[in-house]
Amino acid sequence: MTAPIRTPFEQTPAEAEAVEVAEGLLWLRISLPMALDHVNTYALRDDDGWTLIDTGLNTKRTRAIWEAVLDGPLKGAPVQRLVVTHHHPDHVGLAGWFQSKGIELCMTRTAWLFSRMLTLDEQAKTTHEQVQFWIEAGMETDVLEKRRAERPFNFADIVYPMPLGFTRLIEGDSIEMGGRTWDIRFGHGHAPDHATFWSRDGELVIGGDQLLATISPNIGVYATEPGADPVGEWMAACGALQPHAKESQLVLPGHKLPFTGLPARMRQLIDNHHGALDRLRDHIAKAPRTAAECFPPLYKRTIDEGTYGLALVEAVAHVNHLHQLGDVTRTKRADGAWEFSLN
């Protein structure tokens, strides 16, 4: 019998304040202007200063929070290094800002390349490839026309310009942070080459968005690689990380509360997607479906305009996985949408 998932720190840090979750390791929360209204960041005390984990978005408010943190919880000691778990804006948004202050940036090569590329890829209007991706996913006509006419979201809108130069994190290597040695292990699916850190004393895991206690990270397919199978990558990554999970480890996630009970959570993370795929097979067995017509079996809530985009890319990810498995075939409808049928 494995221990249940527990959250020993019910009190979350106030803005610009910190909670010490282990000796020399501070937990901070940075506000986000969205439904998921925060990202967790961490500061680890080294002899010569601090190592930070992740940053929040590039906004005036976030920069002000960090200025207050530097003078407050970090006691004016220098930040020597920033470690970014993966390339999503809420984690890498201020990496370039910290670099502009002379701070070393440590990331996986894939995460840095994605971040650097996306900050340089500014679009004034929606690209043909993006529209074609939405059509093939079966996006509702009224949503499609609205999004086609809008200025698209650009990574650079909320990510500080990233200069050249970074220190590469390599899977299987280790890193010294906060007086501990941490083994670097990669996750996949939510983001490619997502770095997680496992202390060799068996006490702590820095999980980013790969290891969350009460929510599942978005696993999506995008126009950049419409045939990708991130669900398959996610399942494989969970299987590879599972043997390293211990009951006693305190997991420090990218969102929500730190938790223990990682072995049980790893099984949940895998089983949740098996369950979603089983429901999806049943749904498609009744009639051929586009990805956009697969929301009902995948989500237990109403999908509104604000969540439609994330819901669509995750639906594409799940039908792509069934296609990769050979469980479904797809045909192109007259309107250009891919329609999936159960084999």
# chains A, B, ... in the order shown; residues from 1 in each chain; ligands from 1
>>> residues_around(residues="range 162-172 of chain A", least_positions_apart="5", cutoff="6 Å", atoms="only C-alpha atoms", output="count of residues only")
9
>>> select_by_dssp(residues="range 173-227 of chain A", states="strand (DSSP E)", output="PDB file with N, CA, C and O atoms, in the first residue's frame")
ATOM      1  N   SER A 174      24.631  15.906 -13.414  1.00  0.00           N
ATOM      2  CA  SER A 174      24.190  16.410 -12.113  1.00  0.00           C
ATOM      3  C   SER A 174      24.535  17.882 -12.007  1.00  0.00           C
ATOM      4  O   SER A 174      25.318  18.426 -12.798  1.00  0.00           O
ATOM      5  N   ILE A 175      23.927  18.543 -11.035  1.00  0.00           N
ATOM      6  CA  ILE A 175      24.158  19.960 -10.805  1.00  0.00           C
ATOM      7  C   ILE A 175      24.158  20.204  -9.301  1.00  0.00           C
ATOM      8  O   ILE A 175      23.397  19.573  -8.560  1.00  0.00           O
ATOM      9  N   GLU A 176      25.028  21.094  -8.846  1.00  0.00           N
ATOM     10  CA  GLU A 176      25.100  21.462  -7.436  1.00  0.00           C
ATOM     11  C   GLU A 176      24.254  22.715  -7.216  1.00  0.00           C
ATOM     12  O   GLU A 176      24.475  23.746  -7.848  1.00  0.00           O
ATOM     13  N   MET A 177      23.286  22.604  -6.323  1.00  0.00           N
ATOM     14  CA  MET A 177      22.430  23.748  -5.999  1.00  0.00           C
ATOM     15  C   MET A 177      22.033  23.670  -4.536  1.00  0.00           C
ATOM     16  O   MET A 177      21.611  22.613  -4.058  1.00  0.00           O
ATOM     17  N   ARG A 180      23.237  20.821  -2.195  1.00  0.00           N
ATOM     18  CA  ARG A 180      22.869  19.451  -2.540  1.00  0.00           C
ATOM     19  C   ARG A 180      23.325  19.142  -3.965  1.00  0.00           C
ATOM     20  O   ARG A 180      23.472  20.028  -4.805  1.00  0.00           O
ATOM     21  N   THR A 181      23.503  17.856  -4.221  1.00  0.00           N
ATOM     22  CA  THR A 181      23.745  17.370  -5.567  1.00  0.00           C
ATOM     23  C   THR A 181      22.430  16.854  -6.127  1.00  0.00           C
ATOM     24  O   THR A 181      21.739  16.060  -5.483  1.00  0.00           O
ATOM     25  N   TRP A 182      22.096  17.317  -7.333  1.00  0.00           N
ATOM     26  CA  TRP A 182      20.832  16.966  -7.968  1.00  0.00           C
ATOM     27  C   TRP A 182      21.102  16.243  -9.279  1.00  0.00           C
ATOM     28  O   TRP A 182      21.890  16.713 -10.109  1.00  0.00           O
ATOM     29  N   ASP A 183      20.445  15.114  -9.489  1.00  0.00           N
ATOM     30  CA  ASP A 183      20.501  14.417 -10.768  1.00  0.00           C
ATOM     31  C   ASP A 183      19.479  15.023 -11.715  1.00  0.00           C
ATOM     32  O   ASP A 183      18.323  15.277 -11.332  1.00  0.00           O
ATOM     33  N   ILE A 184      19.892  15.240 -12.962  1.00  0.00           N
ATOM     34  CA  ILE A 184      19.035  15.849 -13.976  1.00  0.00           C
ATOM     35  C   ILE A 184      18.355  14.739 -14.774  1.00  0.00           C
ATOM     36  O   ILE A 184      19.029  13.889 -15.362  1.00  0.00           O
ATOM     37  N   ARG A 185      17.028  14.756 -14.773  1.00  0.00           N
ATOM     38  CA  ARG A 185      16.256  13.781 -15.551  1.00  0.00           C
ATOM     39  C   ARG A 185      15.232  14.537 -16.384  1.00  0.00           C
ATOM     40  O   ARG A 185      14.588  15.456 -15.894  1.00  0.00           O
ATOM     41  N   PHE A 186      15.067  14.127 -17.628  1.00  0.00           N
ATOM     42  CA  PHE A 186      14.194  14.849 -18.547  1.00  0.00           C
ATOM     43  C   PHE A 186      12.793  14.257 -18.562  1.00  0.00           C
ATOM     44  O   PHE A 186      12.615  13.038 -18.534  1.00  0.00           O
ATOM     45  N   GLY A 187      11.820  15.135 -18.623  1.00  0.00           N
ATOM     46  CA  GLY A 187      10.457  14.767 -18.954  1.00  0.00           C
ATOM     47  C   GLY A 187      10.169  15.159 -20.395  1.00  0.00           C
ATOM     48  O   GLY A 187      10.937  15.891 -21.027  1.00  0.00           O
ATOM     49  N   HIS A 194      12.122  18.616 -20.870  1.00  0.00           N
ATOM     50  CA  HIS A 194      11.761  19.324 -19.646  1.00  0.00           C
ATOM     51  C   HIS A 194      12.663  18.814 -18.526  1.00  0.00           C
ATOM     52  O   HIS A 194      12.655  17.631 -18.185  1.00  0.00           O
ATOM     53  N   ALA A 195      13.449  19.705 -17.925  1.00  0.00           N
ATOM     54  CA  ALA A 195      14.403  19.306 -16.891  1.00  0.00           C
ATOM     55  C   ALA A 195      13.719  19.151 -15.534  1.00  0.00           C
ATOM     56  O   ALA A 195      12.982  20.044 -15.099  1.00  0.00           O
ATOM     57  N   THR A 196      13.941  18.018 -14.886  1.00  0.00           N
ATOM     58  CA  THR A 196      13.558  17.821 -13.493  1.00  0.00           C
ATOM     59  C   THR A 196      14.822  17.501 -12.706  1.00  0.00           C
ATOM     60  O   THR A 196      15.808  17.007 -13.257  1.00  0.00           O
ATOM     61  N   PHE A 197      14.792  17.761 -11.404  1.00  0.00           N
ATOM     62  CA  PHE A 197      15.996  17.655 -10.572  1.00  0.00           C
ATOM     63  C   PHE A 197      15.686  16.835  -9.329  1.00  0.00           C
ATOM     64  O   PHE A 197      14.732  17.142  -8.606  1.00  0.00           O
ATOM     65  N   TRP A 198      16.505  15.819  -9.064  1.00  0.00           N
ATOM     66  CA  TRP A 198      16.264  14.848  -8.000  1.00  0.00           C
ATOM     67  C   TRP A 198      17.458  14.852  -7.061  1.00  0.00           C
ATOM     68  O   TRP A 198      18.572  14.480  -7.466  1.00  0.00           O
ATOM     69  N   SER A 199      17.256  15.315  -5.823  1.00  0.00           N
ATOM     70  CA  SER A 199      18.382  15.401  -4.886  1.00  0.00           C
ATOM     71  C   SER A 199      18.871  14.000  -4.518  1.00  0.00           C
ATOM     72  O   SER A 199      18.075  13.084  -4.305  1.00  0.00           O
ATOM     73  N   LEU A 204      14.250  15.571  -1.966  1.00  0.00           N
ATOM     74  CA  LEU A 204      13.590  16.618  -2.740  1.00  0.00           C
ATOM     75  C   LEU A 204      13.591  16.311  -4.235  1.00  0.00           C
ATOM     76  O   LEU A 204      14.531  15.696  -4.760  1.00  0.00           O
ATOM     77  N   VAL A 205      12.544  16.759  -4.904  1.00  0.00           N
ATOM     78  CA  VAL A 205      12.458  16.712  -6.369  1.00  0.00           C
ATOM     79  C   VAL A 205      11.911  18.060  -6.846  1.00  0.00           C
ATOM     80  O   VAL A 205      10.876  18.523  -6.348  1.00  0.00           O
ATOM     81  N   ILE A 206      12.601  18.699  -7.768  1.00  0.00           N
ATOM     82  CA  ILE A 206      12.086  19.894  -8.424  1.00  0.00           C
ATOM     83  C   ILE A 206      11.452  19.431  -9.727  1.00  0.00           C
ATOM     84  O   ILE A 206      12.147  19.003 -10.655  1.00  0.00           O
ATOM     85  N   GLY A 207      10.116  19.495  -9.771  1.00  0.00           N
ATOM     86  CA  GLY A 207       9.385  18.813 -10.829  1.00  0.00           C
ATOM     87  C   GLY A 207       8.903  19.676 -11.969  1.00  0.00           C
ATOM     88  O   GLY A 207       8.429  19.137 -12.980  1.00  0.00           O
ATOM     89  N   GLY A 208       8.982  21.018 -11.849  1.00  0.00           N
ATOM     90  CA  GLY A 208       8.438  21.860 -12.897  1.00  0.00           C
ATOM     91  C   GLY A 208       6.986  21.512 -13.186  1.00  0.00           C
ATOM     92  O   GLY A 208       6.204  21.247 -12.269  1.00  0.00           O
TER      93      GLY A 208
END
>>> select_by_dssp(residues="range 99-192 of chain A", states="helix (DSSP H, G or I)", output="PyMOL selection string")
chain A and resi 99+109-120+128-137+141-149+155-157
>>> closest_residue(among="A:Val316, A:Leu82, A:Ala77, A:Ala95", to="Gly56 in chain A", atoms="only C-alpha atoms")
A:Ala95
>>> closest_residue(among="A:Pro152, A:Pro161, A:Gly138, A:Pro13", to="Lys125 in chain A", atoms="only C-alpha atoms")
A:Pro152
>>> closest_residue(among="A:Val83, A:Leu212, A:Leu241, A:Ala315", to="Trp134 in chain A", atoms="only C-alpha atoms")
A:Ala315
>>> closest_residue(among="A:His283, A:Arg330, A:His323, A:His88", to="Gly232 in chain A", atoms="only C-alpha atoms")
A:His323
>>> closest_residue(among="A:His188, A:Arg265, A:Arg147, A:Arg333", to="Tyr308 in chain A", atoms="only C-alpha atoms")
A:Arg147
>>> closest_residue(among="A:Pro296, A:Gly72, A:Gly93, A:Gly239", to="Lys60 in chain A", atoms="only C-alpha atoms")
A:Gly93
>>> closest_atom_pairs(of="range 76-162 of chain A", to="range 42-53 of chain A", cutoff="9 Å", atoms="only C-alpha atoms", output="CSV")
residue,atom,partner,partner_atom,distance
A:Ala77,CA,A:Gly49,CA,5.6
A:Pro78,CA,A:Gly49,CA,5.0
A:Val79,CA,A:Trp50,CA,4.5
A:Gln80,CA,A:Trp50,CA,5.7
A:Arg81,CA,A:Thr51,CA,4.8
A:Leu82,CA,A:Leu52,CA,4.8
A:Val83,CA,A:Ile53,CA,4.9
A:Val84,CA,A:Ile53,CA,5.8
A:Thr85,CA,A:Ile53,CA,7.3
A:His91,CA,A:Ile53,CA,8.4
>>> residues_around(residues="Tyr222 in chain A", least_positions_apart="4", cutoff="8 Å", atoms="only C-alpha atoms", output="list in words")
Phe133, Pro226 and Val313 of chain A
>>> atom_distance(atom1="CA of Ala14 in chain A", atom2="CA of Leu252 in chain A")
16.9 Å
>>> residues_around(residues="range 61-67 of chain A", least_positions_apart="5", cutoff="8 Å", atoms="only C-alpha atoms", output="ChimeraX atom specification")
/A:15-16,30-31,56,94
>>> write_last_selection(atoms="C-alpha atoms", output="short mmCIF file (atom, residue, chain, number, x, y, z; two decimals), in the first residue's frame")
data_model
loop_
_atom_site.label_atom_id
_atom_site.label_comp_id
_atom_site.auth_asym_id
_atom_site.auth_seq_id
_atom_site.Cartn_x
_atom_site.Cartn_y
_atom_site.Cartn_z
CA GLU A 15 3.52 38.13 -3.06
CA ALA A 16 7.26 38.95 -2.85
CA ILE A 30 4.81 34.71 -8.99
CA SER A 31 1.42 36.01 -10.16
CA GLY A 56 7.21 34.02 -14.43
CA LEU A 94 12.32 36.81 -17.57
#
